[in-house]
file entry-v8.txt (compact mmCIF, C-alpha atoms)
# COMPACT_ATOMS: atom_id res chain seq x y z
CA MET A 1 -17.42 0.17 -10.78
CA ALA A 2 -17.49 3.84 -9.86
CA ALA A 3 -20.21 4.49 -12.42
CA THR A 4 -22.20 1.57 -11.02
CA MET A 5 -21.73 2.89 -7.49
CA LEU A 6 -22.96 6.35 -8.46
CA ALA A 7 -25.89 4.87 -10.33
CA SER A 8 -26.93 2.97 -7.21
CA LYS A 9 -26.57 6.14 -5.14
CA GLN A 10 -28.64 7.92 -7.76
CA GLY A 11 -31.43 5.46 -7.00
CA ALA A 12 -30.91 6.07 -3.29
CA PHE A 13 -31.19 9.82 -3.87
CA MET A 14 -34.54 9.26 -5.58
CA GLY A 15 -35.76 7.24 -2.61
CA ARG A 16 -34.55 9.78 -0.04
CA SER A 17 -35.91 12.78 -1.86
CA GLY A 18 -39.31 11.20 -2.35
CA PHE A 19 -39.36 11.48 -6.12
CA ALA A 20 -42.85 11.25 -7.53
CA PRO A 21 -44.54 12.97 -10.48
CA SER A 22 -46.77 15.75 -9.17
CA GLY A 23 -49.60 15.54 -11.71
CA LYS A 24 -49.60 19.18 -12.90
CA GLN A 25 -45.81 19.57 -12.88
CA GLN A 26 -44.37 16.83 -15.04
CA SER A 27 -41.38 17.36 -17.25
CA VAL A 28 -38.86 14.99 -18.78
CA ALA A 29 -35.29 15.96 -19.61
CA SER A 30 -32.83 13.55 -21.13
CA ARG A 31 -29.05 13.96 -21.12
CA GLY A 32 -27.50 10.79 -22.55
CA SER A 33 -29.29 8.03 -20.70
CA LEU A 34 -30.45 10.31 -17.85
CA GLN A 35 -34.18 10.89 -17.51
CA VAL A 36 -35.66 12.84 -14.62
CA THR A 37 -39.31 13.46 -13.76
CA ALA A 38 -39.81 15.50 -10.62
CA GLY A 39 -41.06 18.74 -9.12
CA LEU A 40 -38.86 21.71 -8.31
CA LYS A 41 -38.36 20.86 -4.65
CA GLU A 42 -37.38 17.27 -5.39
CA VAL A 43 -34.84 18.34 -8.03
CA ARG A 44 -33.40 20.98 -5.70
CA ASP A 45 -33.02 18.43 -2.89
CA ARG A 46 -31.39 15.97 -5.23
CA ILE A 47 -28.88 18.56 -6.46
CA ALA A 48 -27.85 19.17 -2.85
CA SER A 49 -27.53 15.41 -2.25
CA VAL A 50 -25.30 14.92 -5.33
CA LYS A 51 -23.19 17.90 -4.23
CA ASN A 52 -22.60 16.30 -0.82
CA THR A 53 -21.69 12.98 -2.44
CA ASN A 54 -19.21 14.79 -4.68
CA LYS A 55 -17.51 16.25 -1.59
CA ILE A 56 -17.22 12.77 -0.05
CA THR A 57 -15.67 11.18 -3.15
CA ASP A 58 -13.19 14.07 -3.52
CA ALA A 59 -12.15 13.66 0.12
CA MET A 60 -11.72 9.88 -0.28
CA LYS A 61 -9.53 10.47 -3.35
CA LEU A 62 -7.21 12.80 -1.40
CA VAL A 63 -7.05 10.41 1.57
CA ALA A 64 -6.05 7.54 -0.76
CA ALA A 65 -3.34 9.74 -2.32
CA ALA A 66 -1.89 10.52 1.11
CA LYS A 67 -1.84 6.82 1.99
CA VAL A 68 -0.05 5.96 -1.27
CA ARG A 69 2.69 8.40 -0.24
CA ARG A 70 2.98 6.65 3.13
CA ALA A 71 3.26 3.28 1.38
CA GLN A 72 6.01 4.76 -0.80
CA GLU A 73 7.89 5.96 2.29
CA ALA A 74 7.59 2.51 3.88
CA VAL A 75 9.23 0.91 0.82
CA VAL A 76 12.05 3.47 0.79
CA ASN A 77 12.67 3.14 4.54
CA GLY A 78 12.89 -0.64 4.27
CA ARG A 79 15.44 -0.59 1.46
CA PRO A 80 18.66 -0.35 3.56
CA PHE A 81 17.76 -3.58 5.40
CA SER A 82 16.87 -5.35 2.13
CA GLU A 83 20.09 -4.20 0.44
CA ASN A 84 22.33 -5.44 3.25
CA LEU A 85 20.40 -8.70 3.49
CA VAL A 86 20.87 -9.38 -0.23
CA LYS A 87 24.59 -8.51 -0.01
CA VAL A 88 25.18 -10.91 2.90
CA LEU A 89 23.07 -13.61 1.22
CA TYR A 90 25.13 -13.29 -1.95
CA GLY A 91 28.42 -13.32 -0.06
CA VAL A 92 27.54 -16.41 1.96
CA ASN A 93 26.46 -18.22 -1.21
CA GLN A 94 29.79 -17.39 -2.85
CA ARG A 95 31.59 -18.88 0.17
CA ILE A 96 29.62 -22.13 0.20
CA ARG A 97 28.99 -22.61 -3.52
CA GLN A 98 31.31 -25.65 -3.57
CA GLU A 99 29.38 -27.27 -0.74
CA ASP A 100 26.15 -29.24 -0.88
CA VAL A 101 23.86 -27.09 1.28
CA ASP A 102 20.58 -28.62 2.38
CA SER A 103 18.32 -25.79 3.59
CA PRO A 104 14.68 -26.65 4.46
CA LEU A 105 13.39 -23.60 2.56
CA CYS A 106 15.23 -24.71 -0.59
CA ALA A 107 13.93 -28.30 -0.55
CA VAL A 108 12.44 -29.23 -3.93
CA ARG A 109 9.87 -32.02 -3.67
CA PRO A 110 7.32 -33.56 -6.05
CA VAL A 111 4.39 -31.12 -5.95
CA LYS A 112 1.28 -32.77 -4.52
CA SER A 113 -0.06 -29.78 -2.57
CA VAL A 114 0.30 -26.02 -3.19
CA MET A 115 -0.37 -23.21 -0.73
CA LEU A 116 -1.80 -20.17 -2.52
CA VAL A 117 -1.39 -16.88 -0.61
CA VAL A 118 -4.01 -14.46 -2.02
CA MET A 119 -3.60 -10.75 -1.20
CA THR A 120 -6.76 -8.64 -1.57
CA GLY A 121 -7.99 -5.47 0.12
CA ASP A 122 -9.83 -5.06 3.40
CA ARG A 123 -12.45 -2.71 1.94
CA GLY A 124 -14.35 -2.05 -1.27
CA LEU A 125 -14.95 1.17 -3.24
CA CYS A 126 -11.75 0.53 -5.21
CA GLY A 127 -13.07 -0.33 -8.66
CA GLY A 128 -12.39 -3.86 -9.89
CA TYR A 129 -9.21 -4.33 -7.82
CA ASN A 130 -10.46 -7.10 -5.53
CA ASN A 131 -12.39 -8.78 -8.33
CA PHE A 132 -9.28 -8.98 -10.56
CA ILE A 133 -7.25 -10.68 -7.82
CA ILE A 134 -10.05 -13.15 -7.00
CA LYS A 135 -10.53 -14.08 -10.68
CA LYS A 136 -6.77 -14.56 -11.10
CA SER A 137 -6.71 -16.80 -8.03
CA GLU A 138 -9.66 -18.87 -9.23
CA GLN A 139 -7.97 -19.32 -12.61
CA ARG A 140 -4.78 -20.55 -10.92
CA ILE A 141 -6.77 -22.89 -8.65
CA ARG A 142 -8.47 -24.46 -11.68
CA GLU A 143 -5.09 -24.95 -13.37
CA LEU A 144 -3.63 -26.69 -10.33
CA LEU A 145 -6.68 -28.88 -9.74
CA ALA A 146 -6.59 -29.94 -13.39
CA LEU A 147 -3.05 -31.19 -12.75
CA GLY A 148 -4.27 -33.20 -9.76
CA VAL A 149 -2.62 -30.89 -7.21
CA LYS A 150 -4.34 -30.08 -3.92
CA VAL A 151 -4.69 -26.33 -3.17
CA ASN A 152 -4.66 -24.75 0.29
CA LEU A 153 -5.65 -21.10 0.52
CA VAL A 154 -4.28 -18.41 2.80
CA CYS A 155 -6.09 -15.09 2.34
CA VAL A 156 -4.58 -11.72 3.27
CA GLY A 157 -7.34 -9.09 3.24
CA ARG A 158 -10.97 -9.36 4.36
CA LYS A 159 -12.49 -9.25 0.87
CA GLY A 160 -10.69 -12.40 -0.28
CA ALA A 161 -11.38 -14.18 3.01
CA GLN A 162 -15.10 -13.39 2.77
CA TYR A 163 -15.31 -14.54 -0.86
CA PHE A 164 -13.46 -17.84 -0.49
CA GLY A 165 -14.85 -18.50 3.00
CA ARG A 166 -18.45 -18.50 1.68
CA ARG A 167 -17.60 -21.07 -1.01
CA LYS A 168 -17.12 -24.50 0.48
CA GLN A 169 -15.30 -25.91 -2.57
CA TYR A 170 -12.20 -23.96 -1.54
CA ASN A 171 -9.94 -25.09 1.31
CA LEU A 172 -9.36 -21.85 3.25
CA VAL A 173 -6.68 -22.63 5.84
CA LYS A 174 -6.03 -19.21 7.38
CA SER A 175 -6.94 -15.56 6.86
CA PHE A 176 -5.16 -12.33 7.83
CA SER A 177 -6.07 -8.65 7.71
CA LEU A 178 -4.00 -6.44 5.40
CA GLY A 179 -4.21 -3.39 7.68
CA ALA A 180 -3.62 0.27 6.94
CA THR A 181 0.18 0.04 7.11
CA PRO A 182 1.68 -3.46 6.74
CA SER A 183 4.58 -3.93 9.15
CA THR A 184 7.33 -6.48 9.66
CA LYS A 185 5.23 -8.01 12.44
CA ASP A 186 2.30 -8.54 10.02
CA ALA A 187 4.60 -10.14 7.45
CA GLN A 188 6.16 -12.34 10.14
CA GLY A 189 2.76 -13.72 11.15
CA ILE A 190 2.05 -14.75 7.54
CA ALA A 191 5.60 -16.10 7.11
CA ASP A 192 5.25 -18.29 10.22
CA GLU A 193 2.11 -19.92 8.81
CA ILE A 194 3.80 -20.51 5.45
CA PHE A 195 7.03 -21.79 7.03
CA ALA A 196 5.21 -24.26 9.29
CA SER A 197 3.15 -25.66 6.43
CA PHE A 198 6.18 -26.06 4.14
CA ILE A 199 8.47 -27.62 6.77
CA ALA A 200 5.71 -30.05 7.85
CA GLN A 201 5.35 -31.01 4.17
CA GLU A 202 1.67 -30.07 4.21
CA SER A 203 2.51 -27.90 1.18
CA ASP A 204 5.21 -28.72 -1.37
CA LYS A 205 5.13 -25.28 -2.99
CA VAL A 206 3.99 -21.79 -1.94
CA GLU A 207 2.76 -19.19 -4.45
CA LEU A 208 1.84 -15.55 -3.91
CA VAL A 209 -1.04 -13.92 -5.80
CA PHE A 210 -0.76 -10.14 -5.42
CA THR A 211 -1.02 -6.97 -7.50
CA LYS A 212 2.21 -5.40 -8.68
CA PHE A 213 1.87 -1.63 -8.49
CA LEU A 214 2.61 -0.16 -11.94
CA SER A 215 0.82 3.21 -12.00
CA LEU A 216 -2.19 5.01 -10.62
CA ILE A 217 -4.34 3.66 -13.46
CA SER A 218 -2.65 0.31 -14.04
CA SER A 219 -1.80 -2.68 -11.87
CA ASN A 220 -0.74 -6.20 -12.77
CA PRO A 221 -2.07 -9.27 -10.89
CA THR A 222 1.02 -11.44 -10.44
CA ILE A 223 1.60 -15.05 -9.42
CA GLN A 224 5.02 -15.53 -7.83
CA THR A 225 6.65 -18.64 -6.37
CA LEU A 226 7.83 -17.96 -2.81
CA LEU A 227 8.89 -21.48 -1.73
CA PRO A 228 10.99 -23.41 -2.43
CA MET A 229 13.56 -20.61 -2.60
CA THR A 230 16.89 -20.69 -4.40
CA PRO A 231 20.00 -20.18 -2.27
CA MET A 232 20.69 -16.98 -4.23
CA GLY A 233 17.29 -15.58 -3.27
CA GLU A 234 15.73 -15.57 -6.74
CA LEU A 235 11.94 -15.35 -7.02
CA CYS A 236 10.14 -16.93 -9.95
CA ASP A 237 6.64 -16.44 -11.32
CA ALA A 238 4.24 -19.18 -12.44
CA ASP A 239 5.70 -19.07 -15.98
CA GLY A 240 9.23 -19.75 -14.73
CA LYS A 241 10.54 -16.20 -15.19
CA CYS A 242 12.93 -15.46 -12.34
CA VAL A 243 13.97 -12.13 -10.89
CA ASP A 244 17.35 -11.82 -9.22
CA ALA A 245 17.33 -10.63 -5.62
CA ALA A 246 19.70 -7.80 -6.54
CA ASP A 247 17.21 -6.31 -9.02
CA ASP A 248 14.69 -4.01 -7.35
CA GLU A 249 12.30 -1.20 -8.20
CA ILE A 250 10.92 1.66 -6.13
CA PHE A 251 7.68 3.44 -6.98
CA LYS A 252 7.42 7.18 -6.31
CA LEU A 253 4.21 9.20 -6.26
CA THR A 254 4.77 12.57 -7.95
CA THR A 255 2.73 15.25 -9.71
CA LYS A 256 2.87 16.18 -13.38
CA GLY A 257 0.83 19.04 -14.77
CA GLY A 258 -1.24 19.23 -11.60
CA GLU A 259 -2.16 15.50 -11.78
CA PHE A 260 -0.91 12.59 -9.68
CA ALA A 261 1.62 10.33 -11.42
CA VAL A 262 3.87 7.41 -10.51
CA GLU A 263 7.50 6.87 -11.46
CA ARG A 264 9.27 3.52 -11.02
CA GLU A 265 12.97 3.73 -10.32
CA LYS A 266 15.07 0.64 -11.06
CA ALA A 267 17.79 0.22 -8.43
CA THR A 268 20.30 -2.61 -8.82
CA ILE A 269 22.01 -3.66 -5.60
CA SER A 270 25.76 -4.06 -5.99
CA THR A 271 26.74 -7.57 -4.86
CA GLU A 272 30.25 -8.80 -4.32
CA ALA A 273 32.01 -11.64 -2.56
CA LEU A 274 32.79 -11.27 1.14
CA ASP A 275 36.33 -10.51 2.28
CA PRO A 276 38.29 -13.80 2.13
CA SER A 277 39.80 -13.00 5.52
CA LEU A 278 36.33 -12.99 7.11
CA ILE A 279 35.91 -15.88 9.51
CA PHE A 280 32.46 -17.30 10.29
CA GLU A 281 31.88 -18.34 13.89
CA GLN A 282 29.14 -20.66 12.65
CA GLU A 283 29.03 -22.83 9.59
CA PRO A 284 27.99 -20.87 6.46
CA ALA A 285 25.14 -23.35 5.98
CA GLN A 286 23.74 -22.40 9.40
CA ILE A 287 24.00 -18.71 8.53
CA LEU A 288 22.17 -19.38 5.29
CA ASP A 289 19.40 -21.16 7.21
CA ALA A 290 19.02 -18.02 9.34
CA LEU A 291 19.15 -15.60 6.38
CA LEU A 292 16.59 -17.28 4.12
CA PRO A 293 13.63 -16.89 6.56
CA LEU A 294 14.59 -13.22 6.93
CA TYR A 295 14.65 -12.84 3.16
CA MET A 296 11.27 -14.60 2.84
CA ASN A 297 9.82 -12.21 5.42
CA SER A 298 11.27 -9.26 3.47
CA CYS A 299 9.70 -10.52 0.22
CA LEU A 300 6.32 -10.93 1.92
CA LEU A 301 6.49 -7.41 3.36
CA ARG A 302 7.32 -5.96 -0.05
CA SER A 303 4.37 -7.84 -1.62
CA LEU A 304 2.04 -6.50 1.10
CA GLN A 305 3.22 -2.95 0.42
CA GLU A 306 2.75 -3.37 -3.35
CA ALA A 307 -0.75 -4.81 -2.82
CA LEU A 308 -1.73 -1.95 -0.51
CA ALA A 309 -0.40 0.69 -2.92
CA SER A 310 -2.34 -0.95 -5.79
CA GLU A 311 -5.55 -0.95 -3.74
CA LEU A 312 -5.15 2.73 -2.82
CA ALA A 313 -4.40 3.68 -6.42
CA ALA A 314 -7.51 1.79 -7.56
CA ARG A 315 -9.55 3.64 -4.90
CA MET A 316 -8.15 6.98 -6.10
CA ASN A 317 -9.17 6.15 -9.66
CA ALA A 318 -12.63 4.92 -8.62
CA MET A 319 -13.31 8.02 -6.51
CA ASN A 320 -12.10 10.25 -9.34
CA ASN A 321 -14.57 8.60 -11.73
CA ALA A 322 -17.33 8.87 -9.12
CA SER A 323 -16.60 12.59 -8.70
CA ASP A 324 -16.74 13.12 -12.47
CA ASN A 325 -20.07 11.28 -12.65
CA ALA A 326 -21.43 13.34 -9.77
CA LYS A 327 -20.46 16.58 -11.53
CA GLU A 328 -22.18 15.43 -14.73
CA LEU A 329 -25.30 14.41 -12.83
CA ARG A 330 -25.37 17.70 -10.94
CA LYS A 331 -25.01 19.64 -14.18
CA ALA A 332 -27.88 17.70 -15.80
CA LEU A 333 -30.09 18.21 -12.74
CA THR A 334 -29.33 21.95 -12.70
CA VAL A 335 -30.41 22.26 -16.35
CA GLN A 336 -33.57 20.31 -15.53
CA TYR A 337 -34.29 22.53 -12.52
CA ASN A 338 -33.83 25.75 -14.52
CA LYS A 339 -36.10 24.49 -17.29
CA GLN A 340 -38.84 23.53 -14.85
CA ARG A 341 -38.56 26.83 -12.99
CA GLN A 342 -38.75 28.81 -16.24
CA ALA A 343 -41.76 26.77 -17.36
CA LYS A 344 -43.51 27.44 -14.03
CA ILE A 345 -42.82 31.18 -14.24
CA THR A 346 -44.09 31.28 -17.81
CA GLN A 347 -47.25 29.41 -16.83
CA GLU A 348 -47.95 31.78 -13.91
CA LEU A 349 -47.44 34.84 -16.13
CA SER A 350 -49.81 33.40 -18.71
CA GLU A 351 -52.43 32.82 -16.00
CA ILE A 352 -52.06 36.38 -14.71
CA VAL A 353 -52.31 37.87 -18.20
CA GLY A 354 -55.25 35.64 -19.04
CA GLY A 355 -57.04 36.57 -15.79
CA ALA A 356 -56.43 40.30 -16.37
CA ALA A 357 -57.75 40.04 -19.90
CA ALA A 358 -60.85 38.21 -18.69
CA THR A 359 -61.65 40.83 -16.01
CA SER A 360 -61.03 43.78 -18.34
CA GLY A 361 -63.23 42.25 -21.03

call {"tool": "encode", "arguments": {"input": "entry-v8.txt", "output": "structure tokens"}}
result
Amino acid sequence: MAATMLASKQGAFMGRSGFAPSGKQQSVASRGSLQVTAGLKEVRDRIASVKNTNKITDAMKLVAAAKVRRAQEAVVNGRPFSENLVKVLYGVNQRIRQEDVDSPLCAVRPVKSVMLVVMTGDRGLCGGYNNFIIKKSEQRIRELLALGVKVNLVCVGRKGAQYFGRRKQYNLVKSFSLGATPSTKDAQGIADEIFASFIAQESDKVELVFTKFLSLISSNPTIQTLLPMTPMGELCDADGKCVDAADDEIFKLTTKGGEFAVEREKATISTEALDPSLIFEQEPAQILDALLPLYMNSCLLRSLQEALASELAARMNAMNNASDNAKELRKALTVQYNKQRQAKITQELSEIVGGAAATSG
């Protein structure tokens, strides 16, 4: 994607600089697939243009790196709340495990309609990140439609909303903006839409399609079942693989050998039964009904943060590739410029010598 972007800018450079063969001064230099035919002034202007573009892509890379660090801090800062929520959820479940609890978020019904929550980016210039998520979503939609299941789409991120909104074969119910820093309020707005649809039985199942942040050069588009939830707070993917609520990972942006790197730290939350002497003022089932929406909101917020970190990492990688391409192009243009200048000097010297010889003869 970055190479394509730079190639298109290369064409724009040619248009801006007014590239045109000058008749007397025509020279062709090839470096790989690069071929340039221009006069000295045009090449010099184009070198300056590529240099400016290189500065822009380097700056965008550093900005994306700073935002990845902020996303990391948001995950770390939200961990104490998530840990305590999981501990209380586990303790309440241990207390009521002998009872038949009927929570609306845990209701398992025959699946006739699925809500697919697709998380893309708000902007481009991030390689194939948005395209990967959209293709994964389309693949899942085809699978569900083949089973005779209706699909309702909720898009988080402008790129996904624009793509699915222009195609009338998809039922786009609602769209949200991802934003620069996803907050609890943003997650709550999405959760309210999901909760209302599930409780009203407009959707029998809710799935998330987002990118799990693995490293700065790797991300994994993931399909995860959000509703119906299990009382223990487990989340399952489309293949039925479940992850316990007590198992968690934190990504950390670090540097190794002068290069950006990501480390994932697995942190298991210690869960234990509540003190038997603890007395609930309300029924444990009512407490569970209050805890599960909070846990769903927490899961949505974490998915938003993972999606944002994946987008920023993809943008870092794309801008790094664009910077490398700009340096190569600048190097090739400099060689071309030096060759043309040397050829011009040689031609002028030959004319001077030839003219002097003609006058002396």

call {"tool": "residues_near_point", "arguments": {"input": "entry-v8.txt", "point": "(-11.9, -22.0, 3.0)", "cutoff": "10 Å", "atoms": "all atoms listed in the file", "output": "ChimeraX atom specification"}}
result
/A:152-155,161-175

call {"tool": "closest_residue", "arguments": {"input": "entry-v8.txt", "among": "A:Val63, A:Ser303, A:Glu73, A:Val50", "to": "A:Ala332", "atoms": "all atoms listed in the file"}}
result
A:Val50

call {"tool": "residues_near_point", "arguments": {"input": "entry-v8.txt", "point": "(-11.7, -8.0, 7.1)", "cutoff": "12 Å", "atoms": "all atoms listed in the file", "output": "number ranges by chain"}}
result
A: 119-124, 155-163, 165, 175-180

call {"tool": "closest_residue", "arguments": {"input": "entry-v8.txt", "among": "A:Val88, A:Cys299, A:Leu125, A:Leu288", "to": "A:Val75", "atoms": "all atoms listed in the file"}}
result
A:Cys299

call {"tool": "atom_distance", "arguments": {"input": "entry-v8.txt", "atom1": "atom CA of A:Pro80", "atom2": "atom CA of A:Leu292"}}
result
17.1 Å

call {"tool": "atom_distance", "arguments": {"input": "entry-v8.txt", "atom1": "atom CA of A:Val92", "atom2": "atom CA of A:Leu294"}}
result
14.2 Å

call {"tool": "closest_residue", "arguments": {"input": "entry-v8.txt", "among": "A:Met319, A:Glu193, A:Gly355, A:Thr184", "to": "A:Phe81", "atoms": "all atoms listed in the file"}}
result
A:Thr184
